[in-house]
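**Q** What follows is model-v3.txt; its format and atoms are compact mmCIF, C-alpha atoms.
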```txt
# COMPACT_ATOMS: atom_id res chain seq x y z
CA MET A 1 -96.00 128.06 114.02
CA ASP A 2 -97.97 130.13 111.55
CA ALA A 3 -101.68 129.35 111.72
CA THR A 4 -101.93 128.97 107.92
CA LYS A 5 -99.17 126.35 107.91
CA VAL A 6 -100.75 124.48 110.86
CA TYR A 7 -104.08 124.40 109.00
CA SER A 8 -102.41 123.08 105.81
CA LEU A 9 -100.59 120.39 107.80
CA HIS A 10 -103.77 119.21 109.46
CA LYS A 11 -105.51 119.20 106.08
CA LEU A 12 -102.84 116.92 104.64
CA ILE A 13 -103.09 114.53 107.59
CA ASP A 14 -106.87 114.40 107.56
CA ASP A 15 -107.36 114.38 103.74
CA PRO A 16 -105.55 111.59 101.78
CA GLU A 17 -106.64 113.15 98.49
CA ALA A 18 -104.89 116.36 99.40
CA ARG A 19 -101.75 114.38 100.24
CA LEU A 20 -101.81 112.70 96.83
CA THR A 21 -102.35 116.01 95.05
CA GLU A 22 -99.42 117.58 96.91
CA THR A 23 -97.17 114.66 96.02
CA ILE A 24 -98.14 114.89 92.35
CA ASP A 25 -97.55 118.65 92.30
CA THR A 26 -94.14 118.17 93.88
CA GLU A 27 -93.17 115.50 91.34
CA ILE A 28 -94.38 117.65 88.45
CA GLY A 29 -92.32 120.56 89.75
CA LEU A 30 -89.22 118.38 89.99
CA GLN A 31 -89.74 117.08 86.45
CA ASN A 32 -90.20 120.59 85.11
CA ARG A 33 -86.97 121.68 86.75
CA ARG A 34 -85.15 118.67 85.27
CA ARG A 35 -86.53 119.43 81.83
CA SER A 36 -85.44 123.04 82.16
CA GLY A 37 -81.94 121.95 83.09
CA ASN A 38 -81.81 119.46 80.19
CA LYS A 39 -82.93 122.16 77.77
CA LYS A 40 -80.09 124.43 78.88
CA TRP A 41 -77.63 121.57 78.31
CA VAL A 42 -79.05 121.02 74.81
CA TYR A 43 -78.60 124.71 74.06
CA PHE A 44 -74.88 124.47 74.93
CA MET A 45 -74.20 121.25 73.00
CA PRO A 46 -73.58 123.02 69.64
CA VAL A 47 -71.16 125.38 71.37
CA PHE A 48 -69.21 122.47 72.89
CA PHE A 49 -69.23 120.70 69.50
CA VAL A 50 -67.83 123.75 67.70
CA LEU A 51 -65.17 124.25 70.38
CA GLY A 52 -64.20 120.60 70.05
CA VAL A 53 -63.87 120.89 66.27
CA ILE A 54 -61.75 124.03 66.60
CA ALA A 55 -59.51 122.30 69.16
CA ALA A 56 -59.09 119.30 66.84
CA ILE A 57 -58.22 121.56 63.88
CA ILE A 58 -55.62 123.45 65.94
CA LEU A 59 -54.12 120.15 67.14
CA ILE A 60 -53.92 118.66 63.63
CA ALA A 61 -52.61 121.88 62.06
CA ASN A 62 -49.75 122.03 64.55
CA LEU A 63 -48.63 118.42 64.29
CA SER A 64 -44.88 118.31 63.79
CA VAL A 65 -43.95 116.87 60.38
CA ALA A 66 -40.43 116.79 58.94
CA GLU A 67 -39.84 118.68 55.69
CA SER A 68 -38.39 115.53 54.14
CA VAL A 69 -41.72 113.74 54.66
CA ARG A 70 -43.68 116.63 53.16
CA TYR A 71 -41.54 116.94 50.02
CA ASN A 72 -41.25 113.17 49.55
CA SER A 73 -45.03 113.06 49.10
CA LEU A 74 -44.88 115.09 45.86
CA GLN A 75 -45.45 113.33 42.54
CA GLY A 76 -45.66 114.17 38.84
CA ASP A 77 -45.08 117.81 37.89
CA ALA A 78 -45.11 118.69 41.60
CA VAL A 79 -41.69 117.03 41.98
CA ARG A 80 -40.27 120.26 40.53
CA VAL A 81 -41.23 121.97 43.81
CA LYS A 82 -39.07 119.41 45.63
CA SER A 83 -36.20 120.15 43.23
CA VAL A 84 -36.46 123.86 44.01
CA HIS A 85 -36.45 123.09 47.74
CA ASP A 86 -33.39 120.83 47.34
CA ARG A 87 -31.52 123.45 45.30
CA ILE A 88 -32.06 125.94 48.11
CA VAL A 89 -31.56 123.71 51.15
CA PHE A 90 -29.18 120.89 50.16
CA ASN A 91 -27.13 122.03 47.16
CA PRO A 92 -23.91 123.64 48.44
CA LYS A 93 -23.67 125.90 45.39
CA PRO A 94 -24.53 129.49 46.38
CA ILE A 95 -27.35 131.51 44.82
CA ASP A 96 -26.59 135.16 44.08
CA ILE A 97 -29.37 135.84 41.57
CA ALA A 98 -32.62 133.88 41.83
CA PHE A 99 -35.58 133.77 39.43
CA VAL A 100 -38.89 133.00 41.15
CA GLY A 101 -42.14 132.33 39.33
CA SER A 102 -44.37 129.91 37.42
CA SER A 103 -43.72 127.72 34.38
CA HIS A 104 -43.49 130.90 32.27
CA THR A 105 -40.12 131.53 33.95
CA TRP A 106 -39.24 127.85 34.36
CA ASN A 107 -39.42 127.34 30.58
CA GLY A 108 -38.21 130.81 29.60
CA VAL A 109 -35.09 131.59 31.64
CA ASP A 110 -31.91 129.65 30.85
CA ASP A 111 -30.10 130.19 34.15
CA ALA A 112 -26.93 128.41 33.01
CA ALA A 113 -26.58 130.70 29.95
CA VAL A 114 -27.27 133.80 32.07
CA GLU A 115 -24.70 132.77 34.68
CA ASN A 116 -21.98 131.98 32.13
CA ALA A 117 -22.51 135.25 30.23
CA LEU A 118 -22.45 137.38 33.39
CA LYS A 119 -19.23 135.68 34.51
CA LYS A 120 -17.65 136.55 31.17
CA GLN A 121 -18.59 140.18 31.86
CA GLY A 122 -16.78 140.16 35.19
CA LEU A 123 -19.55 139.25 37.61
CA ASP A 124 -18.85 136.55 40.18
CA VAL A 125 -22.37 135.16 40.40
CA SER A 126 -24.34 131.95 40.69
CA VAL A 127 -27.75 132.14 39.00
CA ALA A 128 -30.67 129.82 39.80
CA ASN A 129 -34.01 129.37 38.08
CA LEU A 130 -36.30 128.46 41.03
CA ALA A 131 -39.58 128.61 39.12
CA SER A 132 -42.07 125.74 38.93
CA SER A 133 -45.39 124.81 37.34
CA TRP A 134 -48.67 126.57 38.07
CA PRO A 135 -49.35 130.02 39.50
CA GLY A 136 -49.98 130.76 43.16
CA ARG A 137 -48.07 133.42 45.07
CA ASP A 138 -48.31 131.82 48.53
CA LEU A 139 -45.92 129.02 47.53
CA ARG A 140 -43.45 131.62 46.21
CA VAL A 141 -43.54 133.35 49.60
CA LEU A 142 -42.58 130.07 51.28
CA GLN A 143 -39.79 129.45 48.77
CA LEU A 144 -38.47 132.98 49.24
CA LYS A 145 -38.37 132.48 53.02
CA GLN A 146 -36.29 129.33 52.51
CA LEU A 147 -34.05 131.13 50.02
CA LEU A 148 -33.36 133.97 52.45
CA GLN A 149 -32.72 131.51 55.27
CA TYR A 150 -30.31 129.18 53.47
CA LYS A 151 -28.67 131.11 50.60
CA HIS A 152 -28.78 134.88 51.28
CA PRO A 153 -28.97 135.98 47.62
CA HIS A 154 -28.10 139.47 46.39
CA LEU A 155 -30.92 139.82 43.85
CA VAL A 156 -34.32 138.14 43.48
CA VAL A 157 -36.19 138.44 40.18
CA ILE A 158 -39.94 137.87 40.64
CA GLU A 159 -42.11 136.91 37.69
CA VAL A 160 -45.10 139.09 36.80
CA MET A 161 -47.82 137.85 34.47
CA GLU A 162 -50.60 139.83 32.84
CA HIS A 163 -52.85 139.25 35.88
CA GLU A 164 -52.68 138.05 39.47
CA THR A 165 -54.14 134.62 40.17
CA PRO A 166 -56.95 134.91 42.75
CA TYR A 167 -56.02 131.67 44.52
CA GLY A 168 -53.05 130.01 46.15
CA HIS A 169 -50.80 127.31 44.75
CA GLY A 170 -52.22 123.79 44.70
CA ILE A 171 -48.98 122.31 46.08
CA LEU A 172 -48.72 124.55 49.15
CA PRO A 173 -50.95 122.28 51.34
CA TYR A 174 -48.49 119.43 50.73
CA VAL A 175 -45.36 121.27 51.88
CA ALA A 176 -46.60 124.01 54.23
CA ASN A 177 -46.85 124.29 57.98
CA ALA A 178 -49.73 126.06 59.71
CA GLU A 179 -48.05 129.48 59.52
CA ASP A 180 -47.50 129.14 55.78
CA MET A 181 -51.20 128.35 55.24
CA PHE A 182 -52.12 131.71 56.76
CA CYS A 183 -49.71 133.58 54.51
CA CYS A 184 -50.53 137.06 53.31
CA ARG A 185 -54.24 137.90 53.10
CA PHE A 186 -55.33 134.28 53.00
CA TYR A 187 -58.98 135.29 53.43
CA LEU A 188 -58.86 136.74 49.90
CA ASP A 189 -57.81 133.39 48.41
CA VAL A 190 -60.94 131.97 46.76
CA ARG A 191 -59.66 128.39 47.18
CA TRP A 192 -58.30 128.72 50.71
CA PRO A 193 -60.99 126.63 52.49
CA GLN A 194 -60.39 123.78 50.03
CA HIS A 195 -56.61 124.07 50.39
CA PHE A 196 -56.78 124.26 54.19
CA ALA A 197 -58.88 121.08 54.31
CA LEU A 198 -56.28 119.38 52.11
CA PHE A 199 -53.53 120.67 54.41
CA LEU A 200 -55.22 119.07 57.43
CA LYS A 201 -55.55 115.80 55.52
CA ARG A 202 -51.86 115.88 54.58
CA GLN A 203 -50.92 116.61 58.19
CA ILE A 204 -52.69 113.43 59.33
CA LEU A 205 -51.26 111.27 56.52
CA ASN A 206 -47.71 112.62 56.93
CA HIS A 207 -47.85 112.20 60.69
CA SER A 208 -49.02 108.60 60.38
CA GLU A 209 -46.07 107.98 58.07
CA LEU A 210 -43.71 109.30 60.73
CA PHE A 211 -45.09 106.77 63.21
CA GLY A 212 -44.67 103.89 60.80
CA TYR A 213 -48.30 103.37 59.82
CA ARG A 214 -47.27 104.03 56.22
CA GLU A 215 -44.05 103.08 54.47
CA GLN A 216 -41.55 105.95 54.65
CA THR A 217 -39.33 106.29 51.59
CA GLN A 218 -35.76 107.52 51.84
CA TYR A 219 -35.23 111.18 50.97
CA THR A 220 -32.85 111.72 48.06
CA PRO A 221 -32.04 115.40 47.36
CA ASP A 222 -31.96 116.66 43.78
CA LEU A 223 -28.59 118.42 43.45
CA GLN A 224 -28.91 119.73 39.89
CA PRO A 225 -27.14 123.13 39.70
CA PHE A 226 -29.55 124.70 37.18
CA GLY A 227 -33.31 124.67 36.85
CA TRP A 228 -34.25 125.70 33.30
CA MET A 229 -36.75 123.34 31.62
CA PRO A 230 -36.71 124.04 27.85
CA ARG A 231 -39.70 123.29 25.66
CA ASP A 232 -39.24 122.19 22.08
CA GLY A 233 -41.68 122.76 19.27
CA LYS A 234 -43.55 125.76 17.92
CA TRP A 235 -47.01 127.06 18.67
CA LYS A 236 -49.19 125.55 15.94
CA ASN A 237 -52.31 127.72 16.16
CA PRO A 238 -51.44 131.18 17.47
CA THR A 239 -54.34 133.02 19.07
CA PRO A 240 -55.27 136.16 17.10
CA LEU A 241 -54.82 139.35 19.10
CA THR A 242 -58.40 140.33 18.20
CA ALA A 243 -59.48 137.75 20.78
CA LEU A 244 -58.47 140.26 23.46
CA HIS A 245 -61.23 142.61 22.42
CA GLY A 246 -64.20 140.23 22.66
CA MET A 247 -66.85 140.39 25.37
CA LYS A 248 -65.67 137.13 26.94
CA ALA A 249 -62.12 138.45 27.26
CA ARG A 250 -63.34 141.72 28.76
CA LEU A 251 -65.43 139.93 31.38
CA LYS A 252 -62.47 137.72 32.21
CA GLU A 253 -60.22 140.75 32.65
CA ALA A 254 -62.82 142.42 34.88
CA GLY A 255 -62.74 139.30 37.04
CA TYR A 256 -58.94 139.46 37.24
CA ILE A 257 -59.06 143.08 38.37
CA ALA A 258 -61.71 142.35 41.01
CA THR A 259 -59.71 139.44 42.47
CA GLN A 260 -56.17 140.81 42.22
CA TRP A 261 -55.71 141.63 45.89
CA PHE A 262 -54.58 138.22 47.13
CA GLY A 263 -51.75 138.11 44.59
CA ILE A 264 -50.77 141.75 45.10
CA SER A 265 -50.60 141.28 48.87
CA ALA A 266 -48.32 138.25 48.40
CA VAL A 267 -46.04 140.23 46.07
CA GLN A 268 -45.82 143.02 48.64
CA LYS A 269 -44.96 140.39 51.27
CA MET A 270 -42.17 139.02 49.08
CA VAL A 271 -40.67 142.45 48.44
CA GLU A 272 -40.81 143.30 52.15
CA LEU A 273 -39.15 140.00 53.10
CA ALA A 274 -36.35 140.53 50.57
CA HIS A 275 -35.72 144.14 51.54
CA SER A 276 -35.71 143.29 55.26
CA ASP A 277 -32.84 140.89 54.51
CA GLY A 278 -30.96 143.45 52.42
CA VAL A 279 -31.82 141.75 49.10
CA GLU A 280 -32.55 143.71 45.92
CA VAL A 281 -35.72 142.93 43.95
CA ARG A 282 -36.58 143.20 40.27
CA PHE A 283 -39.69 142.08 38.42
CA LEU A 284 -39.69 140.19 35.12
CA TYR A 285 -42.75 140.59 32.89
CA MET A 286 -43.53 137.10 31.49
CA PRO A 287 -47.15 137.21 30.28
CA GLU A 288 -49.09 135.14 27.79
CA PHE A 289 -48.31 135.96 24.17
CA ALA A 290 -51.55 137.89 23.69
CA TYR A 291 -50.56 140.35 26.42
CA ALA A 292 -46.82 140.45 25.67
CA ARG A 293 -47.37 143.07 22.96
CA GLY A 294 -49.58 145.31 25.03
CA GLU A 295 -50.50 146.31 28.54
CA PRO A 296 -51.14 143.76 31.30
CA VAL A 297 -54.55 143.53 32.94
CA ILE A 298 -53.06 144.66 36.26
CA PRO A 299 -51.45 148.12 35.84
CA VAL A 300 -47.64 147.97 35.74
CA GLU A 301 -47.49 150.85 38.22
CA LYS A 302 -48.65 148.52 41.01
CA TYR A 303 -45.34 146.68 40.62
CA THR A 304 -42.94 149.43 39.59
CA ARG A 305 -43.80 151.31 42.78
CA MET A 306 -42.21 148.37 44.61
CA ALA A 307 -39.28 147.56 42.29
CA PRO A 308 -38.06 148.09 38.69
CA MET A 309 -39.33 145.83 35.91
CA PHE A 310 -37.40 143.77 33.33
CA ASN A 311 -39.16 143.19 30.00
CA MET A 312 -38.97 140.78 27.08
CA PRO A 313 -37.57 142.16 23.79
CA THR A 314 -39.99 142.97 20.97
CA SER A 315 -38.38 140.26 18.85
CA ILE A 316 -40.10 137.76 21.18
CA THR A 317 -43.35 139.58 21.83
CA GLN A 318 -44.10 139.91 18.09
CA ASN A 319 -43.08 136.45 16.91
CA PRO A 320 -45.34 133.49 17.80
CA ALA A 321 -42.76 131.13 16.28
CA LEU A 322 -40.69 131.67 19.45
CA TRP A 323 -43.50 130.33 21.63
CA HIS A 324 -44.30 126.74 22.52
CA ASP A 325 -47.94 127.64 23.22
CA LYS A 326 -49.92 130.72 24.21
CA ALA A 327 -48.13 131.01 27.58
CA HIS A 328 -44.62 129.52 27.29
CA LEU A 329 -41.52 130.31 25.28
CA ASN A 330 -39.91 127.47 23.37
CA ARG A 331 -36.19 126.72 23.33
CA GLU A 332 -35.53 129.29 20.58
CA GLY A 333 -37.51 131.94 22.45
CA ALA A 334 -35.56 131.31 25.65
CA ALA A 335 -32.31 131.59 23.68
CA ILE A 336 -33.35 135.04 22.44
CA LEU A 337 -34.58 136.16 25.86
CA ALA A 338 -31.25 135.28 27.54
CA PRO A 339 -29.09 138.09 25.99
CA SER A 340 -31.77 140.66 26.83
CA LEU A 341 -31.94 139.42 30.42
CA ILE A 342 -28.16 139.39 30.68
CA HIS A 343 -27.97 143.01 29.56
CA GLN A 344 -30.73 144.13 31.95
CA LEU A 345 -29.15 142.25 34.85
CA TYR A 346 -25.70 143.66 34.14
CA GLU A 347 -27.06 147.21 34.01
CA ALA A 348 -28.98 146.66 37.25
CA VAL A 349 -25.87 145.42 39.04
CA LYS A 350 -23.78 148.29 37.69
CA ALA A 351 -26.38 150.92 38.67
CA THR A 352 -27.07 149.58 42.18
CA PRO A 353 -24.29 150.26 44.71
CA LYS A 354 -25.47 147.39 46.91
CA LEU A 355 -24.87 144.98 44.00
CA ASN A 356 -21.47 146.32 42.96
CA LYS A 357 -19.85 143.73 45.21
CA LEU A 358 -20.72 141.10 42.57
CA PHE A 359 -17.99 142.47 40.31
CA ARG A 360 -14.78 140.52 40.63
```
Represent the supplied structure as structure tokens.

**A**
Amino acid sequence: MDATKVYSLHKLIDDPEARLTETIDTEIGLQNRRRSGNKKWVYFMPVFFVLGVIAAIILIANLSVAESVRYNSLQGDAVRVKSVHDRIVFNPKPIDIAFVGSSHTWNGVDDAAVENALKKQGLDVSVANLASSWPGRDLRVLQLKQLLQYKHPHLVVIEVMEHETPYGHGILPYVANAEDMFCCRFYLDVRWPQHFALFLKRQILNHSELFGYREQTQYTPDLQPFGWMPRDGKWKNPTPLTALHGMKARLKEAGYIATQWFGISAVQKMVELAHSDGVEVRFLYMPEFAYARGEPVIPVEKYTRMAPMFNMPTSITQNPALWHDKAHLNREGAAILAPSLIHQLYEAVKATPKLNKLFR
């Protein structure tokens, strides 16, 4: 044995104080090692917490919920989104020409009048107004996917307003699945975190309903053949066009331009989806009255590079008496828009070989 070790051993045997000191040193060393190990565990706790939260989010987002449960949860003005879904999925009537957009189109396009007039001109078509309240392109992408899956239209007319809304539709979290929530460039949607949190909440509530923890109501499809919602009454206090030239309006327009990319990306997605299914696309310019007489905030070229544009006649754009308010046509305005739309649709069908099959 090494002489140094033998000496130390004898020292421990002969000197009780040395033995106590050695024991204390050993215990201190063990405690230090334990503390070091505990500190490492503490360092990893936030990582494990974050991973657990991510796993929970993925699990909740991918819970299987029936479409009937999602759409049955809609109330108030949102019920219109259910009606659009039912027209696409459950109504046996075909859809050859579909109008997709916000309440501007919902209140402005009389699909029954357009269909009847086109039939009189020799076109065998079914026309559907599939627009609903509030802007938000991500919901329109979902509706277009359903339309292409269930109805296979020949022509889709997509509404264009004077600007692109920088956020998604408030109803999407109620009816979407996880894939729909990540539509388009979702990271450009200024309200996406809020909407995604609502989506997770709806997933939990809808799933609990499936398991009987909440009363499940019977699903009754809305089988109305047409979707136009006319508005009666005239705009009482028309906004003067000079309001467009104020500093407040200019700052607002600058904001629209800076945040246009979410909406533009969704429009591109819609056009690509339609074209991939062999469906023709046209745009319909349905702005607020103040912009109907002039140029939109977003340059028209951004859209016309993707598809041709239909426009409202000047008889509407210059007459506030044909408007219900600053954004929506009234019944008389829709009646004047219909012949113009009919003419533009007829010319589009006649000039597009792919659409010639609609002639009887």

**Q** For CA of Ala66 (chain A) and CA of Lys201 (chain A), determine how far apart the two atoms are, in Å to one decimal place.

**A**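 According to the coordinates, CA of Ala66 (chain A) and CA of Lys201 (chain A) are separated by 15.5 Å.
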
**Q** Which neighbours of Ile57 (chain A) fall inside 12 Å, counting all atoms listed in the file, when residues of the same chain fewer than 2 positions from it are skipped, and could you give them as an MDAnalysis selection string?

**A** chainID A and resid 50:55 59:63 178 196:197 199:201 203:204

**Q** Pick from A:Cys184, A:Phe226, A:Thr259, A:Trp134: nearest to Lys93 (chain A), with only C-alpha atoms counted?

**A**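 That would be A:Phe226, the residue with the smallest distance to Lys93 (chain A).
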
**Q** Which is closest to Tyr285 (chain A) among A:Met45, A:Thr165, A:Leu341, A:Leu74, if we use all atoms listed in the file?

**A**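 Checking each of A:Met45, A:Thr165, A:Leu341, A:Leu74 against Tyr285 (chain A), counting all atoms listed in the file, the winner is A:Leu341.
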
**Q** Enumerate, as a list in words, the protein, DNA and RNA residues whose atoms approach (-61.2, 141.5, 34.6) to within 12 Å, taking into account all atoms listed in the file and the coordinate frame of the file.

**A**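 Residues with an atom at most 12 Å from (-61.2, 141.5, 34.6): Glu162, His163, Glu164, Thr165, Pro166, Leu244, Met247, Lys248, Ala249, Arg250, Leu251, Lys252, Glu253, Ala254, Gly255, Tyr256, Ile257, Ala258, Thr259, Gln260, Pro296, Val297, Ile298 and Pro299 of chain A.
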
**Q** Restricting the calculation to only C-alpha atoms: of A:Phe186, A:Trp261, A:Tyr219, A:Tyr167, which residue gets closest to Val69 (chain A)?

**A**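 Among the listed residues, A:Tyr219 lies closest to Val69 (chain A).
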
**Q** Quick one: everything within 8 Å of Ile342 (chain A), counting all atoms listed in the file, minus sequence neighbours fewer than 5 positions away in the same chain. Send it as a PyMOL selection string.

**A** chain A and resi 114+117-118

**Q** Just how far from CA of Lys119 (chain A) is CA of Ser133 (chain A), in Å to one decimal?

**A** 28.5 Å

**Q** List the spatial neighbours of Cys183 (chain A) as a PyMOL selection string - criterion: any atom at most 12 Å away, only C-alpha atoms, same-chain residues fewer than 2 positions off excluded.

**A** chain A and resi 136-142+145+167-169+172-173+176-181+185-189+192+196+262-263+265-270

**Q** Can you tell me how far CA of Leu155 (chain A) sits from CA of Trp323 (chain A), in Å to one decimal?

**A**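 Between these atoms lies a distance of 27.2 Å.
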
**Q** Determine, counting only C-alpha atoms, every residue of protein, DNA or RNA that lies within 9 Å of (-33.0, 138.8, 47.4) in the file coordinates, then give the result as a compact mmCIF listing (two decimals) with C-alpha atoms, in the frame of the given file.

**A**
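Result file follows (selection_0.txt):
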```txt
# COMPACT_ATOMS: atom_id res chain seq x y z
CA ASP A 96 -26.59 135.16 44.08
CA ILE A 97 -29.37 135.84 41.57
CA ALA A 98 -32.62 133.88 41.83
CA LEU A 144 -38.47 132.98 49.24
CA LEU A 147 -34.05 131.13 50.02
CA LEU A 148 -33.36 133.97 52.45
CA HIS A 152 -28.78 134.88 51.28
CA PRO A 153 -28.97 135.98 47.62
CA HIS A 154 -28.10 139.47 46.39
CA LEU A 155 -30.92 139.82 43.85
CA VAL A 156 -34.32 138.14 43.48
CA VAL A 157 -36.19 138.44 40.18
CA VAL A 271 -40.67 142.45 48.44
CA LEU A 273 -39.15 140.00 53.10
CA ALA A 274 -36.35 140.53 50.57
CA HIS A 275 -35.72 144.14 51.54
CA ASP A 277 -32.84 140.89 54.51
CA GLY A 278 -30.96 143.45 52.42
CA VAL A 279 -31.82 141.75 49.10
CA GLU A 280 -32.55 143.71 45.92
CA VAL A 281 -35.72 142.93 43.95
```

**Q** Can you work out which one of A:Arg282, A:Lys302, A:Lys326, A:Arg191 has the shortest atom-to-atom distance to Trp235 (chain A), counting only C-alpha atoms?

**A**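 Checking each candidate against Trp235 (chain A), we get A:Lys326 as the closest.
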
**Q** Closest to Pro339 (chain A) among A:Asn116, A:Ser73, A:Thr220, A:Gln143, using only C-alpha atoms?

**A**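 Once distances to Pro339 (chain A) are computed over only C-alpha atoms, the minimum belongs to A:Asn116.
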
**Q** With N, CA and C atoms as the target, complete region 46-64 of chain A and hand it back as an mmCIF file, keeping the file's coordinate frame.

**A**
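The file below, result.cif, is the result:
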```
data_model
loop_
_atom_site.group_PDB
_atom_site.id
_atom_site.type_symbol
_atom_site.label_atom_id
_atom_site.label_comp_id
_atom_site.auth_asym_id
_atom_site.auth_seq_id
_atom_site.Cartn_x
_atom_site.Cartn_y
_atom_site.Cartn_z
ATOM 1 N N PRO A 46 -74.236 122.531 70.861
ATOM 2 C CA PRO A 46 -73.580 123.020 69.640
ATOM 3 C C PRO A 46 -72.319 123.822 69.920
ATOM 4 N N VAL A 47 -72.339 124.584 71.006
ATOM 5 C CA VAL A 47 -71.160 125.380 71.370
ATOM 6 C C VAL A 47 -69.998 124.465 71.695
ATOM 7 N N PHE A 48 -70.272 123.419 72.529
ATOM 8 C CA PHE A 48 -69.210 122.470 72.890
ATOM 9 C C PHE A 48 -68.712 121.723 71.661
ATOM 10 N N PHE A 49 -69.623 121.404 70.725
ATOM 11 C CA PHE A 49 -69.230 120.700 69.500
ATOM 12 C C PHE A 49 -68.284 121.575 68.663
ATOM 13 N N VAL A 50 -68.655 122.832 68.485
ATOM 14 C CA VAL A 50 -67.830 123.750 67.700
ATOM 15 C C VAL A 50 -66.467 123.941 68.350
ATOM 16 N N LEU A 51 -66.449 124.097 69.667
ATOM 17 C CA LEU A 51 -65.170 124.250 70.380
ATOM 18 C C LEU A 51 -64.306 123.005 70.226
ATOM 19 N N GLY A 52 -64.948 121.838 70.235
ATOM 20 C CA GLY A 52 -64.200 120.600 70.050
ATOM 21 C C GLY A 52 -63.594 120.495 68.663
ATOM 22 N N VAL A 53 -64.378 120.903 67.643
ATOM 23 C CA VAL A 53 -63.870 120.890 66.270
ATOM 24 C C VAL A 53 -62.697 121.850 66.121
ATOM 25 N N ILE A 54 -62.830 123.041 66.686
ATOM 26 C CA ILE A 54 -61.750 124.030 66.600
ATOM 27 C C ILE A 54 -60.487 123.500 67.286
ATOM 28 N N ALA A 55 -60.669 122.864 68.451
ATOM 29 C CA ALA A 55 -59.510 122.300 69.160
ATOM 30 C C ALA A 55 -58.843 121.210 68.338
ATOM 31 N N ALA A 56 -59.651 120.366 67.676
ATOM 32 C CA ALA A 56 -59.090 119.300 66.840
ATOM 33 C C ALA A 56 -58.331 119.872 65.656
ATOM 34 N N ILE A 57 -58.881 120.921 65.018
ATOM 35 C CA ILE A 57 -58.220 121.560 63.880
ATOM 36 C C ILE A 57 -56.882 122.156 64.308
ATOM 37 N N ILE A 58 -56.871 122.849 65.450
ATOM 38 C CA ILE A 58 -55.620 123.450 65.940
ATOM 39 C C ILE A 58 -54.589 122.365 66.222
ATOM 40 N N LEU A 59 -55.029 121.261 66.833
ATOM 41 C CA LEU A 59 -54.120 120.150 67.140
ATOM 42 C C LEU A 59 -53.533 119.557 65.874
ATOM 43 N N ILE A 60 -54.390 119.260 64.882
ATOM 44 C CA ILE A 60 -53.920 118.660 63.630
ATOM 45 C C ILE A 60 -53.011 119.611 62.868
ATOM 46 N N ALA A 61 -53.390 120.896 62.821
ATOM 47 C CA ALA A 61 -52.610 121.880 62.060
ATOM 48 C C ALA A 61 -51.204 122.040 62.626
ATOM 49 N N ASN A 62 -51.048 121.809 63.913
ATOM 50 C CA ASN A 62 -49.750 122.030 64.550
ATOM 51 C C ASN A 62 -48.974 120.748 64.806
ATOM 52 N N LEU A 63 -49.417 119.641 64.202
ATOM 53 C CA LEU A 63 -48.630 118.420 64.290
ATOM 54 C C LEU A 63 -47.257 118.656 63.665
ATOM 55 N N SER A 64 -46.243 118.130 64.286
ATOM 56 C CA SER A 64 -44.880 118.310 63.790
ATOM 57 C C SER A 64 -44.571 117.269 62.714
#
```
